[in-house]
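Read through the structure below, which is laid out as structure tokens, and then see the notes.
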Amino acid sequence: MSIPNFFFFPLIVALPLLYWAFNFQKQTKLVFYVHDYLSGHDTSAITVAGKDGPQTSVLSFGTMVAVDDPVTEGPDPMSKLIGRAQGMYINSQLDGKGLHLMFSVIFTDGEYKGSTLEIQGADLFAMKEREFSIVSGTGYFRFVRGYGIMTTQFIDIPNLRAILKLDVTVNHY
């Protein structure tokens with residue numbers, strides 16, 4: 001008994017389509033800097049809740065901070081502004097040395113203008129490098145998934161000011 005020719009046609013069409021579907025993802029690597037300032041003339045984050053109200057230090061367990069931080073191409077505060085990091089973090093470690101981050105990086109200039117990345121994860125800020133998740137995105141980053149490595153470029157704990165380097169790798173369509 002021979003196999004009819006029409007049996008091979010769907011197979012010939014399906015294999016290239018399956019190959020294309022599984023290899024169509026793009027990978028994008030980005031490096032940008034978030035300027036998180038809880039004090040000074042350029043304050044971009046405020047404490048909104050804590051055990052002693054909004055006066056509670058972000059270094060205390062349970063404190064929640066709202067952020068609208070500048071995102072720049074380089075670590076210098078005067079480098080090109082490419083977006084904003086908007087969202088919140090909460091001090092979620094009993095000893096006060098760890099945050100849980102939830103924020104959107106909204107690109108306002110450059111190649112990714114109008115696109116966003118949604119970031120979530122732990123920030124154990126005593127560690128040199130911290131890994132976080134990229135859980136979603138819009139625009140250029142639609143259907144994104146990925147991760148990032150955060151390092152502290154500058155920190156002034158008494159004045160609660162920091163510059164964070166985010167090295168991000170994402171896969172998307």
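Within each chain, counting starts at residue 1; across the structure tokens, chains are named A, B, ... in the order shown, with ligands numbered 1 upward in that order.
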**Q.** DSSP-assigned strand (DSSP E or B) members of range 60-142 of chain A, reported as number ranges by chain
**A.** A: 64-72, 81-91, 99-107, 116-123, 129-138
Q. Residues at most 10 Å from Gln25 in chain A, counting only C-alpha atoms, excluding those fewer than 6 positions away in the same chain, as a PyMOL selection string?
A. chain A and resi 143-144+170-173
Could you write out that same residue set with N, CA, C and O atoms as a CSV table (one decimal), in the first residue's frame?
chain,number,residue,atom,x,y,z
A,143,PHE,N,4.6,41.7,24.2
A,143,PHE,CA,4.8,40.2,24.5
A,143,PHE,C,6.2,40.0,25.0
A,143,PHE,O,6.8,38.9,24.9
A,144,VAL,N,6.8,40.9,25.7
A,144,VAL,CA,8.2,40.8,26.1
A,144,VAL,C,8.3,39.8,27.3
A,144,VAL,O,7.3,39.7,28.1
A,170,VAL,N,15.8,41.2,27.0
A,170,VAL,CA,14.4,40.8,26.8
A,170,VAL,C,14.3,40.1,25.4
A,170,VAL,O,15.0,40.4,24.5
A,171,ASN,N,13.4,39.2,25.4
A,171,ASN,CA,13.0,38.5,24.2
A,171,ASN,C,11.5,38.9,23.9
A,171,ASN,O,10.7,39.0,24.8
A,172,HIS,N,11.3,39.2,22.6
A,172,HIS,CA,10.0,39.7,22.2
A,172,HIS,C,9.8,39.4,20.7
A,172,HIS,O,10.7,38.9,20.0
A,173,TYR,N,8.6,39.8,20.2
A,173,TYR,CA,8.3,39.5,18.8
A,173,TYR,C,8.4,40.8,18.0
A,173,TYR,O,8.3,41.9,18.5
Which residues, written as an mmCIF file with all heavy atoms, in the first residue's frame, have at least one atom at most 12 Å from Ser79 in chain A, with only C-alpha atoms counted and residues fewer than 4 positions away on the same chain left out?
data_model
loop_
_atom_site.group_PDB
_atom_site.id
_atom_site.type_symbol
_atom_site.label_atom_id
_atom_site.label_comp_id
_atom_site.auth_asym_id
_atom_site.auth_seq_id
_atom_site.Cartn_x
_atom_site.Cartn_y
_atom_site.Cartn_z
ATOM 1 N N PHE A 32 20.414 51.269 30.904
ATOM 2 C CA PHE A 32 19.965 52.614 31.227
ATOM 3 C C PHE A 32 20.103 52.828 32.727
ATOM 4 O O PHE A 32 20.394 51.883 33.481
ATOM 5 C CB PHE A 32 18.543 52.885 30.731
ATOM 6 C CG PHE A 32 17.525 51.846 31.092
ATOM 7 C CD1 PHE A 32 16.863 51.889 32.309
ATOM 8 C CD2 PHE A 32 17.212 50.829 30.209
ATOM 9 C CE1 PHE A 32 15.922 50.931 32.639
ATOM 10 C CE2 PHE A 32 16.267 49.864 30.525
ATOM 11 C CZ PHE A 32 15.614 49.927 31.750
ATOM 12 N N TYR A 33 19.909 54.063 33.153
ATOM 13 C CA TYR A 33 20.165 54.453 34.539
ATOM 14 C C TYR A 33 18.929 55.112 35.135
ATOM 15 O O TYR A 33 18.313 55.972 34.497
ATOM 16 C CB TYR A 33 21.366 55.405 34.603
ATOM 17 C CG TYR A 33 22.630 54.726 34.139
ATOM 18 C CD1 TYR A 33 22.925 54.608 32.793
ATOM 19 C CD2 TYR A 33 23.504 54.151 35.061
ATOM 20 C CE1 TYR A 33 24.055 53.951 32.354
ATOM 21 C CE2 TYR A 33 24.647 53.489 34.631
ATOM 22 C CZ TYR A 33 24.912 53.393 33.286
ATOM 23 O OH TYR A 33 26.040 52.725 32.859
ATOM 24 N N VAL A 34 18.581 54.685 36.339
ATOM 25 C CA VAL A 34 17.438 55.231 37.067
ATOM 26 C C VAL A 34 17.980 56.073 38.215
ATOM 27 O O VAL A 34 18.800 55.604 39.006
ATOM 28 C CB VAL A 34 16.530 54.099 37.592
ATOM 29 C CG1 VAL A 34 15.404 54.649 38.440
ATOM 30 C CG2 VAL A 34 15.982 53.272 36.426
ATOM 31 N N HIS A 35 17.507 57.320 38.307
ATOM 32 C CA HIS A 35 17.950 58.265 39.335
ATOM 33 C C HIS A 35 16.845 58.359 40.382
ATOM 34 O O HIS A 35 15.812 58.998 40.151
ATOM 35 C CB HIS A 35 18.241 59.633 38.705
ATOM 36 C CG HIS A 35 19.287 59.546 37.644
ATOM 37 N ND1 HIS A 35 20.589 59.924 37.866
ATOM 38 C CD2 HIS A 35 19.237 59.091 36.360
ATOM 39 C CE1 HIS A 35 21.299 59.726 36.755
ATOM 40 N NE2 HIS A 35 20.493 59.216 35.835
ATOM 41 N N PRO A 70 13.694 59.819 36.912
ATOM 42 C CA PRO A 70 14.264 59.992 35.572
ATOM 43 C C PRO A 70 15.053 58.748 35.154
ATOM 44 O O PRO A 70 15.714 58.112 35.982
ATOM 45 C CB PRO A 70 15.214 61.181 35.722
ATOM 46 C CG PRO A 70 14.899 61.801 37.027
ATOM 47 C CD PRO A 70 14.237 60.772 37.870
ATOM 48 N N VAL A 71 14.971 58.413 33.869
ATOM 49 C CA VAL A 71 15.751 57.327 33.274
ATOM 50 C C VAL A 71 16.635 57.969 32.213
ATOM 51 O O VAL A 71 16.147 58.671 31.325
ATOM 52 C CB VAL A 71 14.845 56.255 32.641
ATOM 53 C CG1 VAL A 71 15.664 55.199 31.913
ATOM 54 C CG2 VAL A 71 13.958 55.613 33.704
ATOM 55 N N THR A 72 17.944 57.742 32.328
ATOM 56 C CA THR A 72 18.899 58.378 31.420
ATOM 57 C C THR A 72 19.771 57.347 30.709
ATOM 58 O O THR A 72 19.858 56.197 31.133
ATOM 59 C CB THR A 72 19.804 59.371 32.181
ATOM 60 O OG1 THR A 72 20.556 58.643 33.160
ATOM 61 C CG2 THR A 72 18.993 60.471 32.851
ATOM 62 N N GLU A 73 20.433 57.809 29.647
ATOM 63 C CA GLU A 73 21.349 56.943 28.898
ATOM 64 C C GLU A 73 22.613 56.629 29.678
ATOM 65 O O GLU A 73 23.208 55.577 29.478
ATOM 66 C CB GLU A 73 21.747 57.617 27.585
ATOM 67 C CG GLU A 73 20.674 57.598 26.544
ATOM 68 C CD GLU A 73 21.142 58.179 25.220
ATOM 69 O OE1 GLU A 73 22.106 58.978 25.201
ATOM 70 O OE2 GLU A 73 20.532 57.837 24.192
ATOM 71 N N GLY A 74 23.060 57.548 30.522
ATOM 72 C CA GLY A 74 24.295 57.354 31.270
ATOM 73 C C GLY A 74 24.089 57.644 32.747
ATOM 74 O O GLY A 74 23.032 58.129 33.162
ATOM 75 N N PRO A 75 25.104 57.399 33.561
ATOM 76 C CA PRO A 75 24.973 57.600 35.006
ATOM 77 C C PRO A 75 24.970 59.068 35.431
ATOM 78 O O PRO A 75 24.473 59.396 36.512
ATOM 79 C CB PRO A 75 26.175 56.859 35.591
ATOM 80 C CG PRO A 75 27.176 56.812 34.482
ATOM 81 C CD PRO A 75 26.383 56.781 33.209
ATOM 82 N N GLY A 83 13.483 58.519 29.471
ATOM 83 C CA GLY A 83 12.217 58.023 29.989
ATOM 84 C C GLY A 83 12.047 58.275 31.464
ATOM 85 O O GLY A 83 12.801 59.039 32.091
#
Can you check which parts of range 20-115 of chain A lie within 10 Å of range 122-138 of chain A? Per residue, the shortest pair of atoms and distance in Å to one decimal, counting only C-alpha atoms, sorted by chain and number, as JSON lines.
{"residue": "A:Tyr89", "atom": "CA", "partner": "A:Asp123", "partner_atom": "CA", "distance": 9.3}
{"residue": "A:Ile90", "atom": "CA", "partner": "A:Ala122", "partner_atom": "CA", "distance": 9.8}
{"residue": "A:Asn91", "atom": "CA", "partner": "A:Asp123", "partner_atom": "CA", "distance": 9.2}
{"residue": "A:Ser92", "atom": "CA", "partner": "A:Ala122", "partner_atom": "CA", "distance": 8.8}
{"residue": "A:Gln93", "atom": "CA", "partner": "A:Leu124", "partner_atom": "CA", "distance": 8.7}
{"residue": "A:Gly96", "atom": "CA", "partner": "A:Leu124", "partner_atom": "CA", "distance": 9.5}
{"residue": "A:Lys97", "atom": "CA", "partner": "A:Leu124", "partner_atom": "CA", "distance": 6.1}
{"residue": "A:Gly98", "atom": "CA", "partner": "A:Leu124", "partner_atom": "CA", "distance": 4.3}
{"residue": "A:Leu99", "atom": "CA", "partner": "A:Asp123", "partner_atom": "CA", "distance": 4.9}
{"residue": "A:His100", "atom": "CA", "partner": "A:Ala122", "partner_atom": "CA", "distance": 4.6}
{"residue": "A:Leu101", "atom": "CA", "partner": "A:Ala122", "partner_atom": "CA", "distance": 6.1}
{"residue": "A:Met102", "atom": "CA", "partner": "A:Ala122", "partner_atom": "CA", "distance": 9.2}
{"residue": "A:Ser104", "atom": "CA", "partner": "A:Gly137", "partner_atom": "CA", "distance": 8.5}
{"residue": "A:Val105", "atom": "CA", "partner": "A:Gly137", "partner_atom": "CA", "distance": 9.1}
{"residue": "A:Ile106", "atom": "CA", "partner": "A:Thr138", "partner_atom": "CA", "distance": 9.4}
{"residue": "A:Gly114", "atom": "CA", "partner": "A:Thr138", "partner_atom": "CA", "distance": 8.2}
{"residue": "A:Ser115", "atom": "CA", "partner": "A:Thr138", "partner_atom": "CA", "distance": 5.2}
Based on the selection just made, write N, CA and C atoms of those residues as a tab-separated table (two decimals), in the first residue's frame.
chain	number	residue	atom	x	y	z
A	89	TYR	N	7.73	50.93	45.24
A	89	TYR	CA	8.41	49.83	45.88
A	89	TYR	C	8.05	49.85	47.35
A	90	ILE	N	8.17	48.68	47.94
A	90	ILE	CA	7.83	48.52	49.34
A	90	ILE	C	8.98	47.79	50.03
A	91	ASN	N	9.32	48.25	51.22
A	91	ASN	CA	10.35	47.56	51.99
A	91	ASN	C	9.69	46.30	52.55
A	92	SER	N	10.09	45.15	52.04
A	92	SER	CA	9.41	43.90	52.34
A	92	SER	C	10.28	42.91	53.11
A	93	GLN	N	11.37	43.39	53.67
A	93	GLN	CA	12.25	42.51	54.45
A	93	GLN	C	12.25	43.00	55.89
A	96	GLY	N	14.70	45.40	57.05
A	96	GLY	CA	14.72	46.66	56.30
A	96	GLY	C	15.71	46.71	55.16
A	97	LYS	N	16.35	45.60	54.82
A	97	LYS	CA	17.41	45.62	53.81
A	97	LYS	C	16.97	45.08	52.45
A	98	GLY	N	15.67	45.01	52.22
A	98	GLY	CA	15.20	44.50	50.93
A	98	GLY	C	13.90	45.14	50.51
A	99	LEU	N	13.82	45.46	49.23
A	99	LEU	CA	12.63	46.07	48.66
A	99	LEU	C	11.99	45.12	47.66
A	100	HIS	N	10.69	45.32	47.42
A	100	HIS	CA	10.02	44.66	46.32
A	100	HIS	C	9.65	45.77	45.33
A	101	LEU	N	10.12	45.65	44.09
A	101	LEU	CA	9.93	46.68	43.06
A	101	LEU	C	8.75	46.33	42.15
A	102	MET	N	7.98	47.34	41.78
A	102	MET	CA	6.93	47.20	40.77
A	102	MET	C	6.86	48.54	40.05
A	104	SER	N	7.02	50.72	35.93
A	104	SER	CA	7.07	50.76	34.47
A	104	SER	C	8.19	51.68	34.05
A	105	VAL	N	9.00	51.23	33.11
A	105	VAL	CA	9.95	52.13	32.46
A	105	VAL	C	9.24	52.61	31.19
A	106	ILE	N	8.95	53.91	31.17
A	106	ILE	CA	8.21	54.51	30.06
A	106	ILE	C	9.21	55.31	29.23
A	114	GLY	N	7.64	55.78	23.34
A	114	GLY	CA	6.27	55.29	23.33
A	114	GLY	C	6.11	53.86	23.81
A	115	SER	N	7.19	53.17	24.04
A	115	SER	CA	7.16	51.78	24.51
A	115	SER	C	7.40	51.74	26.02
Q.
My list of candidates is A:Leu166, A:Met78, A:Leu160, A:Met88. Which is closest to Lys29 in chain A when distances are computed with only C-alpha atoms?
A. A:Leu166
Q. Mind checking DSSP for range 44-171 of chain A and telling me the helix (DSSP H, G or I) residues as a list of chain:residue names?
A.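 Checking each residue of range 44-171 of chain A, the helix (DSSP H, G or I) ones are A:Gly53, A:Pro54, A:Gln55, A:Gly139, A:Tyr140, A:Phe141.
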Keeping only C-alpha atoms, write those residues as a PDB file, in the first residue's frame.
ATOM      1  CA  GLY A  53       3.029  57.464  58.291  1.00  0.00           C
ATOM      2  CA  PRO A  54       4.742  59.211  55.368  1.00  0.00           C
ATOM      3  CA  GLN A  55       7.642  60.268  57.623  1.00  0.00           C
ATOM      4  CA  GLY A 139       4.918  49.045  21.819  1.00  0.00           C
ATOM      5  CA  TYR A 140       8.267  47.739  20.590  1.00  0.00           C
ATOM      6  CA  PHE A 141       8.324  45.425  23.625  1.00  0.00           C
TER       7      PHE A 141
END
Q.
Please compute the CA of Ser39 in chain A-CA of Asn159 in chain A distance, one decimal, in Å.
A.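 Separating CA of Ser39 in chain A from CA of Asn159 in chain A is a distance of 6.1 Å.
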**Q.** Point-to-point distance from CA of Asp68 in chain A to CA of Asp36 in chain A, Å rounded to tenths
**A.**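 Between CA of Asp68 in chain A and CA of Asp36 in chain A the gap works out to 8.3 Å.
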(Q) Between A:Thr63, A:Thr43, A:Gln120, A:Gln86, which residue has the minimum interatomic distance to Phe107 in chain A, considering only C-alpha atoms? (A)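 That would be A:Gln86, the residue with the smallest distance to Phe107 in chain A.
Across the structure, CA of Gln153 in chain A and CA of Lys165 in chain A are spaced 6.3 Å apart.
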